[in-house]
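Here is the structure we will look at, set down as structure tokens.
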Amino acid sequence: MNIKGEGGVLVVSPHCDDAEFGCGGTIAKYTKNKVPVTVIIVAVGREADDGLSRINEFKASMGVLGVTSTGILFPGYDARLNEVPSWKLVGAIERAISEYNTEKLFIPLPSFHQDHKVVWDASLAAVRPNKVYPHLTDVLGYEYPLTVWGDGAQYQSGGLYYRIDDTMRLKMKALQQYKSQMSKDGMLSLRSVRALAARRGAEAFTKYAEFFHVLRKII
Ligand SMILES: [Zn+2]
């Protein structure tokens, strides 16, 4: 945390489970150290009253990671966030950054998924350089397994590694709560998640790591 130590961590997650895929181990590191962490889901469900099972999975996963502060911005807009006016989306993310005294902001890299593209653009707009947030020092982009295809695969910037040897178990357990989302094989399987964390770990001379793009850091 910064010298004042006043801020918290905010993770913007397009859907339930994206935050865990990209930063589950890192989130657990922060909660273990009693740093306030908030995870906001941008969209869930296809109808306003839909998505309950995913929300329950999300709650269970947050319980595993020790996150008590969560929010859902646009219920009913899963896979159609492009129907939400940009100003509303940007405004909602701006309010969350302010409300939670955010010091470290984690935003998802864009991918081929239409919602992820929209959330990426809105998040960047929310932290435009002339927008002042008193605590915000770090803006970090997180990957998830499917950013290997599409816009996310081309993204280049400085790399930041969080070693998650001590919290890898919690990351895996959090993802196991998403029975409706995890597949047996392929990119969204536990095997793939472990392989990616091991690859990032090897790059960081440790067993498991999560990798972030440093979009902006102010000291
Ligand atoms: Zn997603």
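Going through the structure tokens in order, the chains are called A, B, and so on, while each chain numbers its residues from 1 and the ligands are numbered from 1 in the order shown.
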| request: Around ligand 1, at most 10 Å away and counting only C-alpha atoms and all ligand atoms, which residues are there? Put them as JSON, numbers by chain, please. | output: {"A": [13, 14, 15, 16, 17, 18, 19, 21, 41, 42, 43, 44, 78, 79, 108, 110, 111, 113, 114, 115, 116, 119, 144, 146]}
Any chance you can output those residues with C-alpha atoms as a PDB file, in the first residue's frame?
ATOM      1  CA  SER A  13     -14.616  -8.260 -13.248  1.00  0.00           C
ATOM      2  CA  PRO A  14     -16.730  -8.339 -16.437  1.00  0.00           C
ATOM      3  CA  HIS A  15     -18.487 -11.505 -15.228  1.00  0.00           C
ATOM      4  CA  CYS A  16     -18.509 -13.792 -12.225  1.00  0.00           C
ATOM      5  CA  ASP A  17     -15.201 -15.776 -12.272  1.00  0.00           C
ATOM      6  CA  ASP A  18     -13.014 -13.411 -14.360  1.00  0.00           C
ATOM      7  CA  ALA A  19     -11.499 -11.864 -11.225  1.00  0.00           C
ATOM      8  CA  PHE A  21      -9.078 -16.416 -13.187  1.00  0.00           C
ATOM      9  CA  ILE A  41     -19.076  -7.752 -11.332  1.00  0.00           C
ATOM     10  CA  VAL A  42     -20.116  -5.682 -14.325  1.00  0.00           C
ATOM     11  CA  ALA A  43     -22.730  -8.044 -15.810  1.00  0.00           C
ATOM     12  CA  VAL A  44     -24.487 -11.226 -14.794  1.00  0.00           C
ATOM     13  CA  ASP A  78     -24.402 -10.736 -19.633  1.00  0.00           C
ATOM     14  CA  ALA A  79     -22.989 -10.858 -23.187  1.00  0.00           C
ATOM     15  CA  PRO A 108      -9.372  -7.057 -17.296  1.00  0.00           C
ATOM     16  CA  PRO A 110      -9.629  -6.978 -23.610  1.00  0.00           C
ATOM     17  CA  SER A 111     -10.340 -10.273 -25.354  1.00  0.00           C
ATOM     18  CA  HIS A 113     -15.488 -11.405 -25.831  1.00  0.00           C
ATOM     19  CA  GLN A 114     -17.647  -8.359 -26.509  1.00  0.00           C
ATOM     20  CA  ASP A 115     -18.221  -7.637 -22.816  1.00  0.00           C
ATOM     21  CA  HIS A 116     -14.498  -7.729 -22.081  1.00  0.00           C
ATOM     22  CA  VAL A 119     -15.245  -3.160 -19.863  1.00  0.00           C
ATOM     23  CA  TYR A 144      -7.391 -14.624 -17.991  1.00  0.00           C
ATOM     24  CA  LEU A 146      -8.924 -16.673 -23.011  1.00  0.00           C
TER      25      LEU A 146
END
| task | Write down as a PyMOL selection string the residues of range 35-197 of chain A whose backbone DSSP state falls under strand (DSSP E or B). | result | chain A and resi 37-44+69-75+102-108+138-142+158-163
For the selection you just gave me, I'd like the residues written to a file as a PDB file, in the first residue's frame, keeping C-alpha atoms.
ATOM      1  CA  VAL A  37     -10.493  -5.790  -1.340  1.00  0.00           C
ATOM      2  CA  THR A  38     -13.653  -5.150  -3.346  1.00  0.00           C
ATOM      3  CA  VAL A  39     -14.678  -7.161  -6.402  1.00  0.00           C
ATOM      4  CA  ILE A  40     -17.335  -5.699  -8.680  1.00  0.00           C
ATOM      5  CA  ILE A  41     -19.076  -7.752 -11.332  1.00  0.00           C
ATOM      6  CA  VAL A  42     -20.116  -5.682 -14.325  1.00  0.00           C
ATOM      7  CA  ALA A  43     -22.730  -8.044 -15.810  1.00  0.00           C
ATOM      8  CA  VAL A  44     -24.487 -11.226 -14.794  1.00  0.00           C
ATOM      9  CA  SER A  69     -17.046  -6.315  -0.221  1.00  0.00           C
ATOM     10  CA  THR A  70     -18.676  -7.021  -3.586  1.00  0.00           C
ATOM     11  CA  GLY A  71     -21.025  -5.360  -6.048  1.00  0.00           C
ATOM     12  CA  ILE A  72     -22.924  -6.045  -9.268  1.00  0.00           C
ATOM     13  CA  LEU A  73     -23.262  -3.126 -11.658  1.00  0.00           C
ATOM     14  CA  PHE A  74     -25.577  -4.262 -14.481  1.00  0.00           C
ATOM     15  CA  PRO A  75     -27.680  -7.355 -13.739  1.00  0.00           C
ATOM     16  CA  THR A 102      -9.157   2.591  -4.486  1.00  0.00           C
ATOM     17  CA  GLU A 103      -5.388   2.586  -4.418  1.00  0.00           C
ATOM     18  CA  LYS A 104      -4.756  -0.423  -6.671  1.00  0.00           C
ATOM     19  CA  LEU A 105      -7.141  -0.967  -9.537  1.00  0.00           C
ATOM     20  CA  PHE A 106      -7.172  -4.278 -11.436  1.00  0.00           C
ATOM     21  CA  ILE A 107      -8.928  -4.205 -14.795  1.00  0.00           C
ATOM     22  CA  PRO A 108      -9.372  -7.057 -17.296  1.00  0.00           C
ATOM     23  CA  ASP A 138      -1.681   1.626  -9.579  1.00  0.00           C
ATOM     24  CA  VAL A 139      -3.700   0.625 -12.624  1.00  0.00           C
ATOM     25  CA  LEU A 140      -2.991  -3.000 -13.559  1.00  0.00           C
ATOM     26  CA  GLY A 141      -4.395  -5.088 -16.397  1.00  0.00           C
ATOM     27  CA  TYR A 142      -5.000  -8.746 -15.622  1.00  0.00           C
ATOM     28  CA  GLY A 158       5.506  -3.642 -18.536  1.00  0.00           C
ATOM     29  CA  GLY A 159       5.030  -6.848 -16.572  1.00  0.00           C
ATOM     30  CA  LEU A 160       4.367  -7.246 -12.891  1.00  0.00           C
ATOM     31  CA  TYR A 161       4.358 -10.657 -11.243  1.00  0.00           C
ATOM     32  CA  TYR A 162       2.685 -11.567  -7.972  1.00  0.00           C
ATOM     33  CA  ARG A 163       4.054 -14.768  -6.496  1.00  0.00           C
TER      34      ARG A 163
END
| message | Using only C-alpha atoms, which protein or nucleic acid residues come within 8 Å of Thr167 in chain A? Drop anything in the same chain fewer than 5 positions from it, and give the result as a list of chain:residue names. | response | A:Gly25, A:Thr26, A:Ala28, A:Lys29
I want to know what sits within 8 Å of Thr147 in chain A, based on only C-alpha atoms, with residues of the same chain fewer than 2 positions away left out; could you give that as a PDB file with N, CA and C atoms, in the first residue's frame?
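Once everything was written out, this is result-v4.pdb:
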ATOM      1  N   LEU A 109      -7.860  -7.321 -19.154  1.00  0.00           N
ATOM      2  CA  LEU A 109      -7.417  -7.063 -20.529  1.00  0.00           C
ATOM      3  C   LEU A 109      -8.581  -7.327 -21.482  1.00  0.00           C
ATOM      4  N   PRO A 110      -8.573  -6.683 -22.633  1.00  0.00           N
ATOM      5  CA  PRO A 110      -9.629  -6.978 -23.610  1.00  0.00           C
ATOM      6  C   PRO A 110      -9.413  -8.379 -24.177  1.00  0.00           C
ATOM      7  N   SER A 111     -10.482  -8.992 -24.663  1.00  0.00           N
ATOM      8  CA  SER A 111     -10.340 -10.273 -25.354  1.00  0.00           C
ATOM      9  C   SER A 111     -11.311 -10.263 -26.522  1.00  0.00           C
ATOM     10  N   PHE A 112     -11.547 -11.428 -27.112  1.00  0.00           N
ATOM     11  CA  PHE A 112     -12.521 -11.488 -28.202  1.00  0.00           C
ATOM     12  C   PHE A 112     -13.948 -11.325 -27.685  1.00  0.00           C
ATOM     13  N   GLU A 143      -4.748 -10.729 -16.923  1.00  0.00           N
ATOM     14  CA  GLU A 143      -5.066 -11.669 -18.003  1.00  0.00           C
ATOM     15  C   GLU A 143      -6.036 -12.720 -17.479  1.00  0.00           C
ATOM     16  N   TYR A 144      -6.655 -13.423 -18.368  1.00  0.00           N
ATOM     17  CA  TYR A 144      -7.391 -14.624 -17.991  1.00  0.00           C
ATOM     18  C   TYR A 144      -7.191 -15.613 -19.131  1.00  0.00           C
ATOM     19  N   PRO A 145      -7.512 -16.894 -18.939  1.00  0.00           N
ATOM     20  CA  PRO A 145      -7.043 -17.870 -19.930  1.00  0.00           C
ATOM     21  C   PRO A 145      -7.378 -17.512 -21.375  1.00  0.00           C
ATOM     22  N   TRP A 149      -6.300 -15.239 -27.154  1.00  0.00           N
ATOM     23  CA  TRP A 149      -6.872 -15.103 -28.503  1.00  0.00           C
ATOM     24  C   TRP A 149      -7.562 -13.746 -28.595  1.00  0.00           C
ATOM     25  N   GLY A 150      -7.293 -13.011 -29.675  1.00  0.00           N
ATOM     26  CA  GLY A 150      -7.978 -11.720 -29.838  1.00  0.00           C
ATOM     27  C   GLY A 150      -7.143 -10.569 -29.306  1.00  0.00           C
ATOM     28  N   ASP A 151      -7.814  -9.473 -28.956  1.00  0.00           N
ATOM     29  CA  ASP A 151      -7.119  -8.230 -28.594  1.00  0.00           C
ATOM     30  C   ASP A 151      -6.098  -8.411 -27.468  1.00  0.00           C
ATOM     31  N   GLY A 152      -6.441  -9.221 -26.472  1.00  0.00           N
ATOM     32  CA  GLY A 152      -5.563  -9.380 -25.315  1.00  0.00           C
ATOM     33  C   GLY A 152      -4.226  -9.995 -25.679  1.00  0.00           C
ATOM     34  N   ALA A 153      -4.207 -10.828 -26.709  1.00  0.00           N
ATOM     35  CA  ALA A 153      -2.985 -11.525 -27.095  1.00  0.00           C
ATOM     36  C   ALA A 153      -1.947 -10.560 -27.648  1.00  0.00           C
TER      37      ALA A 153
END
| task | Run DSSP on the backbone of this structure and report the residues of range 12-128 of chain A it assigns to helix (DSSP H, G or I), as a ChimeraX atom specification. | result | /A:18-32,52-65,81-83,86-99,114-126
If we count only C-alpha atoms and set the cut-off at 9 Å, which residues sit around range 171-187 of chain A, ignoring sequence neighbours fewer than 3 positions away in its own chain? Please answer as a tab-separated table (two decimals) with N, CA and C atoms, in the first residue's frame.
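File produced: result_33.tsv:
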chain	number	residue	atom	x	y	z
A	16	CYS	N	-18.92	-12.95	-13.33
A	16	CYS	CA	-18.51	-13.79	-12.22
A	16	CYS	C	-17.40	-14.71	-12.76
A	17	ASP	N	-16.36	-14.89	-12.06
A	17	ASP	CA	-15.20	-15.78	-12.27
A	17	ASP	C	-14.00	-15.14	-12.96
A	20	GLU	N	-11.30	-14.16	-10.44
A	20	GLU	CA	-10.57	-15.30	-9.88
A	20	GLU	C	-9.57	-15.86	-10.89
A	21	PHE	N	-10.00	-15.93	-12.15
A	21	PHE	CA	-9.08	-16.42	-13.19
A	21	PHE	C	-7.82	-15.53	-13.25
A	23	CYS	N	-6.82	-12.88	-11.00
A	23	CYS	CA	-6.15	-12.39	-9.79
A	23	CYS	C	-6.54	-13.14	-8.53
A	24	GLY	N	-7.06	-14.35	-8.63
A	24	GLY	CA	-7.51	-15.05	-7.42
A	24	GLY	C	-6.43	-15.17	-6.35
A	25	GLY	N	-5.23	-15.54	-6.78
A	25	GLY	CA	-4.14	-15.70	-5.82
A	25	GLY	C	-3.71	-14.38	-5.22
A	26	THR	N	-3.72	-13.35	-6.05
A	26	THR	CA	-3.31	-12.01	-5.59
A	26	THR	C	-4.35	-11.45	-4.62
A	27	ILE	N	-5.61	-11.65	-4.93
A	27	ILE	CA	-6.67	-11.19	-4.02
A	27	ILE	C	-6.47	-11.83	-2.65
A	28	ALA	N	-6.22	-13.14	-2.64
A	28	ALA	CA	-6.04	-13.85	-1.37
A	28	ALA	C	-4.83	-13.33	-0.60
A	53	SER	N	-27.69	-18.56	-10.02
A	53	SER	CA	-26.75	-19.63	-9.70
A	53	SER	C	-25.31	-19.12	-9.82
A	54	ARG	N	-25.06	-18.26	-10.80
A	54	ARG	CA	-23.71	-17.71	-10.93
A	54	ARG	C	-23.38	-16.78	-9.78
A	56	ASN	N	-24.53	-17.09	-6.78
A	56	ASN	CA	-24.25	-17.95	-5.63
A	56	ASN	C	-22.84	-18.53	-5.71
A	57	GLU	N	-22.44	-18.92	-6.91
A	57	GLU	CA	-21.07	-19.41	-7.09
A	57	GLU	C	-20.06	-18.30	-6.76
A	58	PHE	N	-20.38	-17.11	-7.22
A	58	PHE	CA	-19.51	-15.95	-6.95
A	58	PHE	C	-19.37	-15.71	-5.45
A	59	LYS	N	-20.50	-15.76	-4.76
A	59	LYS	CA	-20.45	-15.55	-3.30
A	59	LYS	C	-19.59	-16.61	-2.62
A	60	ALA	N	-19.76	-17.86	-3.05
A	60	ALA	CA	-18.97	-18.95	-2.46
A	60	ALA	C	-17.49	-18.73	-2.72
A	61	SER	N	-17.18	-18.33	-3.93
A	61	SER	CA	-15.78	-18.09	-4.30
A	61	SER	C	-15.18	-16.94	-3.49
A	62	MET	N	-15.96	-15.87	-3.34
A	62	MET	CA	-15.46	-14.73	-2.56
A	62	MET	C	-15.22	-15.14	-1.11
A	63	GLY	N	-16.08	-16.05	-0.62
A	63	GLY	CA	-15.88	-16.56	0.74
A	63	GLY	C	-14.55	-17.28	0.87
A	64	VAL	N	-14.21	-18.06	-0.15
A	64	VAL	CA	-12.93	-18.78	-0.14
A	64	VAL	C	-11.77	-17.80	-0.10
A	65	LEU	N	-11.89	-16.72	-0.86
A	65	LEU	CA	-10.79	-15.75	-0.97
A	65	LEU	C	-10.81	-14.71	0.15
A	145	PRO	N	-7.51	-16.89	-18.94
A	145	PRO	CA	-7.04	-17.87	-19.93
A	145	PRO	C	-7.38	-17.51	-21.37
A	146	LEU	N	-8.53	-16.91	-21.62
A	146	LEU	CA	-8.92	-16.67	-23.01
A	146	LEU	C	-8.34	-15.40	-23.62
A	164	ILE	N	2.30	-16.37	-6.09
A	164	ILE	CA	1.10	-16.84	-5.38
A	164	ILE	C	1.26	-18.28	-4.87
A	167	THR	N	-0.95	-18.86	-2.01
A	167	THR	CA	-2.40	-18.71	-2.16
A	167	THR	C	-2.95	-19.45	-3.39
A	168	MET	N	-2.10	-20.19	-4.09
A	168	MET	CA	-2.56	-20.93	-5.27
A	168	MET	C	-3.70	-21.88	-4.92
A	190	LEU	N	-9.40	-26.38	-14.79
A	190	LEU	CA	-8.45	-26.19	-13.70
A	190	LEU	C	-7.03	-26.53	-14.14
A	191	ARG	N	-6.93	-27.51	-15.03
A	191	ARG	CA	-5.61	-27.91	-15.53
A	191	ARG	C	-4.94	-26.73	-16.26
A	192	SER	N	-5.74	-26.04	-17.08
A	192	SER	CA	-5.21	-24.90	-17.82
A	192	SER	C	-4.83	-23.75	-16.88
A	193	VAL	N	-5.66	-23.54	-15.85
A	193	VAL	CA	-5.36	-22.47	-14.89
A	193	VAL	C	-4.04	-22.76	-14.17
A	194	ARG	N	-3.86	-24.03	-13.78
A	194	ARG	CA	-2.62	-24.40	-13.10
A	194	ARG	C	-1.42	-24.25	-14.03
| Can you tell me, as a list in words, what residues are no more than 8 Å from Asp165 in chain A when counting only C-alpha atoms, ignoring any on the same chain fewer than 4 positions away? |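 The neighbour list is Thr206, Lys207, Tyr208 and Ala209 of chain A.
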| said: Using only C-alpha atoms, can you tell me which of A:Ile97, A:Ile55, A:Leu170, A:Val148 comes closest to Leu10 in chain A? | reply: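 Counting only C-alpha atoms, the residue closest to Leu10 in chain A is A:Ile97.
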| field | Counting only C-alpha atoms, the option among A:Trp120, A:Gly22, A:Val11, A:Leu215 closest to Ala197 in chain A | value | A:Gly22
| Atomic distance CA of Gly201 in chain A - CA of Val67 in chain A, expressed in Å with one decimal | 24.0 Å
| Proximity to Arg128 in chain A - best of A:Val9, A:Arg216, A:Gln156, A:Leu81, only C-alpha atoms | A:Arg216
